[in-house]
Every structure is written in structure tokens, then in C-alpha cells.
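Novice: Okay, handing you the structure first.
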Amino acid sequence: MASMATSTLTSSLVSSNPKTSSFNGSAFSSRIKSIPQQHTSSTISMSLTTPPYDLNSFKFQPIKESIVSREMTRRYMTDMITYADTDVVVVGAGSAGLSCAYELSKNPNISVAIIEQSVSPGGGAWLGGQLFSAMVVRKPAHLFLDELEIEYDEQEDYVVIKHAALFTSTIMSKLLARPNVKLFNAVAVEDLIVKGGRVGGVVTNWALVSMNHDTQSCMDPNVMEAKVVVSSCGHDGPFGATGVKRLRSIGMIESVPGMKALDMNAAEDAIVNLTREVVPGMIVTGMEVAEIDGSPRMGPTFGAMMISGQKAAHLALKALGKNNAIDGTCELGIETPNLVLASAETKEIVDA
Ligand code: AHZ
């Protein structure tokens, strides 16, 4: 697979001897330090009462400014090389995109690049609705919260997380710690790569450049090839529904009618049911689904974003020829490190 070739390239960059290279930074392997996933209350109180340093005479280790620059540049450029050809690109890091990327990242053999135009990933999921904090999630989507170990106030048919930011920060912290995931924030998807009727990746640019094309002479974009693209750009707005609007303008789908007026009950079921591979190589999830299908919006209930994201991940696994919950070849919520290819036929498409 091409991603294996790039991994080899990456590991040769990564393993370059810092003493003999011009980078003068630490080898990447030195940054990998295992951190316990869960703290018991006793370990937390211990670390609060016995810090390993003295606040009255605190002094940092010295550093050279150029090393800081090189550490950041080397890692980012290495990520760009690694993810120039990736398994799945997720466009948009809102609640749907993050849920999709989290589910996909459970398979350590799949590389996942998340592209988010904003500096701040999370989309609309930092608040519950309007400016209120609480996030309402209708059952049975609370099972996804159980998996993420997010606390909630349980009611008969729904649960309430005390602050939407608790969901967003928790899923992000678990997702971004995984070695097969890279978030490229402040980067916008401007276009799609389409070959032979199949979406084969995305065209990217720094978001600030994308927003200022009319003030620049031509500034060409970059590209990222992907075996599967998941579009989770949310509903219409300055950047919203980018994926499906582009599919319409290049004639790959007929229309983008836009989301209909609010109906929570109809909307959430519809979003999950309509989450699908809309054209070969491109899956749509979250509120972007409502744009393409003209289904209602749900307003401030977030369960459909999570489950639509999960479904998009399993559709992507299916397209990659991996075990998935759509075919019933793996279960939801289970990490499946030793996946086998589902069919020789899809393997041929994926490897080609
Ligand atoms: O910045 C966007 C946001 O973070 C990002 N995005 C959009 N276009 C992009 C592009 N390149 C890179 N071209 C792009 N990033 O996509 C993210 C979308 O997140 P969101 O929270 O807006 O959408 P979602 O579908 O994940 O969640 C929708 C939440 C809503 S909207 C709603 C209603 O209006 O009724 N109800 C809910 C629960």
C-alpha cells in the first residue's frame, strides 16, 4: 500500500541522527512516553500535593530559539509527507467529523488525516445550543458517551452532559493521542481530487489563504490523496457543506436542496439513516447530510452527529475492505487491531 511506502520514508526521516543532522532536535522516538489513561482520585490528589518542583525557585532547562522552530517545522513537514497519501481524510472537525475519526482511529493500521479550516477544532460542539453550556444527547447514543467515559445526568429518554466542551475536549484528547491520526487545523479543503468518477482526495490550502483568494494573485493549493474522503463540513455557511456543494458544481450529484426546518425527532433518525457513500470514494456525515437530502435540522441535540460519525467510519472501513459494523464483520465499540480484508475484490480496488 502506498501509505506503507510513505511510512518507510517517514521512519527514515524520523530516525535521522540528531547529532549528525542539521535539525539539532531530539529523535522523534524520544517524545513517546506512556501516560496513564486514567487517574484514580488518590493519584490526582498526590500529584497536586507533591509537585516534583519548587514554585519559589522555579527554573526551566535552557533552549535555543532555533531548536523550537526546527522541532515544530520538522514534525509538521514529516506529517505532510506521511499524510500526502492517506487512507481516510475527514474534512471538518465538528462533532460528526470527530466521532468518525475517533471510530476509525481504533484500527491502528488505518491512517486518518483530519482537516479543519478553523484554528479551533470542534465546530459547533463547544456549546449545547445558543450560548447554553449543556449538551443533550438522546438515547441510545449515550452508549457512545459511556465508551468515551463522559459523565452525564441521566433522564428517561436522554442524557445531559453538563458542558458541551466536556464532550468535545474528551473525544479530541483521546483521538489526537492516537499515533495513526493527524489533525491539520487552520487548513481548508478547497476542492476534491476526482479521477474516473471516483473521489480520490482533497485539495487544500491554508485557511487564511482560502479566505483571501480575491486579495492575492494566484496562490496554488496543495493536495492530499485518500482512498476514502469523509465530508463532515456541517450545514451551509461560509465554509459549510463544502463537499456536497462541490459535488453538485462538478455534476457528480444533481442538487443540494439545503436542510429543512427543525424537527428533532425526524431529523436525528434521518441523519443517521442517510449517512452514506454519496459518490464513489466520498462519504457524507453530520449536518452536511441534511444539506444534500433536504432533511430537517435537529437544533441542539447531538446524538445524531455522534452516531452518524460512527456510521461514516464503518462505511469507510467497508470501502477499504476492512471489517466493519455495516457488514457485521466487527462490533461497534470494540477495538479491532488485527483486521482482515473483507473481500479480495475490494482489496484490489484499495491497493490499486
Ligand atoms: O470549520 C468547520 C467546522 O469545524 C469545518 N469545515 C467546514 N468546511 C470546511 C472546509 N475545510 C475544512 N472546506 C471545514 N474544514 O467543518 C466543521 C463542521 O462542524 P459543525 O459542528 O458545523 O458540523 P457537524 O455536522 O459536525 O455538527 C453539526 C451540529 C449541529 S448543527 C444543528 C442545527 O443547525 O440544527 N444541530 C446540530 C447538532
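By convention here, the chains of the C-alpha cells are called A, B, ... in the order presented, each chain's residues are numbered starting at 1, and ligands are numbered starting at 1 in the order presented.
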Taking only C-alpha atoms and all ligand atoms into account, list the residues no farther than 7 Å from ligand 1, as a ChimeraX atom specification.
Specialist: /A:91-97,115-118,121-125,187-190,232-235,239-242,262,285-288,297-302,305
Novice: Could you find all residues in segment 143-250 of chain A that DSSP calls strand (DSSP E) from the backbone, and write them as a PyMOL selection string?
Specialist: chain A and resi 153-154+158-161+181-185+187-195+198-206+222-231
Novice: Would you mind reading off the distance between atom CA of Asp220 of chain A and atom CA of Val278 of chain A, one decimal, in Å?
Specialist: 27.7 Å
Novice: So, with only C-alpha atoms as the atoms that count, which of A:Asp85, A:Asp146, A:Asp191, A:Glu154 lies closest to Arg246 of chain A?
Specialist: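 Comparing A:Asp85, A:Asp146, A:Asp191, A:Glu154 against Arg246 of chain A, the winner is A:Asp191.
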Novice: For Val119 of chain A, please output as an MDAnalysis selection string all residues within 10 Å (counting only C-alpha atoms; exclusion window: fewer than 5 positions along the same chain).
Specialist: chainID A and resid 184:187 207:208
Novice: Of the residues A:Thr73, A:Asn56, A:Thr82, A:Asn324, which is the one nearest to Val181 of chain A, using only C-alpha atoms?
Specialist: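 Checking each of A:Thr73, A:Asn56, A:Thr82, A:Asn324 against Val181 of chain A, counting only C-alpha atoms, the winner is A:Thr82.
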Novice: Could you pull out the alpha helix (DSSP H) residues of segment 155-316 of chain A from DSSP and send them as a PyMOL selection string?
Specialist: chain A and resi 164-176+207-210+242-249+264-274+287-293+303-316
Novice: Emit the selected residues as a PDB file, in the first residue's frame, including C-alpha atoms.
Specialist:
```
ATOM      1  CA  ALA A 164     -20.666  20.510  25.625  1.00  0.00           C
ATOM      2  CA  ALA A 165     -16.965  21.319  25.902  1.00  0.00           C
ATOM      3  CA  LEU A 166     -16.574  18.237  28.090  1.00  0.00           C
ATOM      4  CA  PHE A 167     -17.648  16.036  25.165  1.00  0.00           C
ATOM      5  CA  THR A 168     -15.534  17.900  22.633  1.00  0.00           C
ATOM      6  CA  SER A 169     -12.376  18.096  24.726  1.00  0.00           C
ATOM      7  CA  THR A 170     -12.648  14.442  25.809  1.00  0.00           C
ATOM      8  CA  ILE A 171     -13.117  12.967  22.346  1.00  0.00           C
ATOM      9  CA  MET A 172     -10.368  15.207  20.994  1.00  0.00           C
ATOM     10  CA  SER A 173      -7.907  14.261  23.715  1.00  0.00           C
ATOM     11  CA  LYS A 174      -8.470  10.531  23.108  1.00  0.00           C
ATOM     12  CA  LEU A 175      -8.434  10.866  19.331  1.00  0.00           C
ATOM     13  CA  LEU A 176      -5.409  13.118  18.957  1.00  0.00           C
ATOM     14  CA  ALA A 207      -7.478  28.608   5.599  1.00  0.00           C
ATOM     15  CA  LEU A 208      -6.315  32.216   5.705  1.00  0.00           C
ATOM     16  CA  VAL A 209      -5.258  31.943   2.056  1.00  0.00           C
ATOM     17  CA  SER A 210      -8.594  30.346   1.116  1.00  0.00           C
ATOM     18  CA  THR A 242     -18.187  22.335   1.100  1.00  0.00           C
ATOM     19  CA  GLY A 243     -18.062  18.711  -0.025  1.00  0.00           C
ATOM     20  CA  VAL A 244     -21.580  18.326  -1.363  1.00  0.00           C
ATOM     21  CA  LYS A 245     -21.658  21.806  -2.917  1.00  0.00           C
ATOM     22  CA  ARG A 246     -18.524  20.925  -4.883  1.00  0.00           C
ATOM     23  CA  LEU A 247     -20.018  17.579  -5.967  1.00  0.00           C
ATOM     24  CA  ARG A 248     -23.003  19.475  -7.339  1.00  0.00           C
ATOM     25  CA  SER A 249     -20.927  22.090  -9.160  1.00  0.00           C
ATOM     26  CA  MET A 264     -35.798  16.965  16.316  1.00  0.00           C
ATOM     27  CA  ASN A 265     -37.442  13.549  16.117  1.00  0.00           C
ATOM     28  CA  ALA A 266     -37.469  13.260  12.339  1.00  0.00           C
ATOM     29  CA  ALA A 267     -34.052  14.900  11.901  1.00  0.00           C
ATOM     30  CA  GLU A 268     -31.834  12.743  14.084  1.00  0.00           C
ATOM     31  CA  ASP A 269     -33.063   9.405  12.704  1.00  0.00           C
ATOM     32  CA  ALA A 270     -32.838  10.758   9.143  1.00  0.00           C
ATOM     33  CA  ILE A 271     -29.243  11.966   9.511  1.00  0.00           C
ATOM     34  CA  VAL A 272     -28.049   8.561  10.670  1.00  0.00           C
ATOM     35  CA  ASN A 273     -30.107   6.655   8.092  1.00  0.00           C
ATOM     36  CA  LEU A 274     -28.961   8.872   5.213  1.00  0.00           C
ATOM     37  CA  MET A 287     -25.357  18.078   9.197  1.00  0.00           C
ATOM     38  CA  GLU A 288     -23.900  18.052   5.693  1.00  0.00           C
ATOM     39  CA  VAL A 289     -26.203  15.064   5.131  1.00  0.00           C
ATOM     40  CA  ALA A 290     -29.238  17.305   5.740  1.00  0.00           C
ATOM     41  CA  GLU A 291     -27.954  19.695   3.057  1.00  0.00           C
ATOM     42  CA  ILE A 292     -27.766  17.030   0.368  1.00  0.00           C
ATOM     43  CA  ASP A 293     -31.054  15.348   1.259  1.00  0.00           C
ATOM     44  CA  GLY A 303     -26.644  12.168  19.347  1.00  0.00           C
ATOM     45  CA  ALA A 304     -27.162  12.001  15.579  1.00  0.00           C
ATOM     46  CA  MET A 305     -23.793  13.681  14.971  1.00  0.00           C
ATOM     47  CA  MET A 306     -22.034  11.026  17.049  1.00  0.00           C
ATOM     48  CA  ILE A 307     -23.817   8.011  15.555  1.00  0.00           C
ATOM     49  CA  SER A 308     -23.670   9.401  12.010  1.00  0.00           C
ATOM     50  CA  GLY A 309     -19.917   9.841  12.516  1.00  0.00           C
ATOM     51  CA  GLN A 310     -19.613   6.261  13.745  1.00  0.00           C
ATOM     52  CA  LYS A 311     -21.626   5.015  10.771  1.00  0.00           C
ATOM     53  CA  ALA A 312     -19.442   7.024   8.364  1.00  0.00           C
ATOM     54  CA  ALA A 313     -16.375   5.393   9.911  1.00  0.00           C
ATOM     55  CA  HIS A 314     -17.765   1.906   9.353  1.00  0.00           C
ATOM     56  CA  LEU A 315     -18.777   2.792   5.789  1.00  0.00           C
ATOM     57  CA  ALA A 316     -15.177   3.919   5.261  1.00  0.00           C
TER      58      ALA A 316
END
```
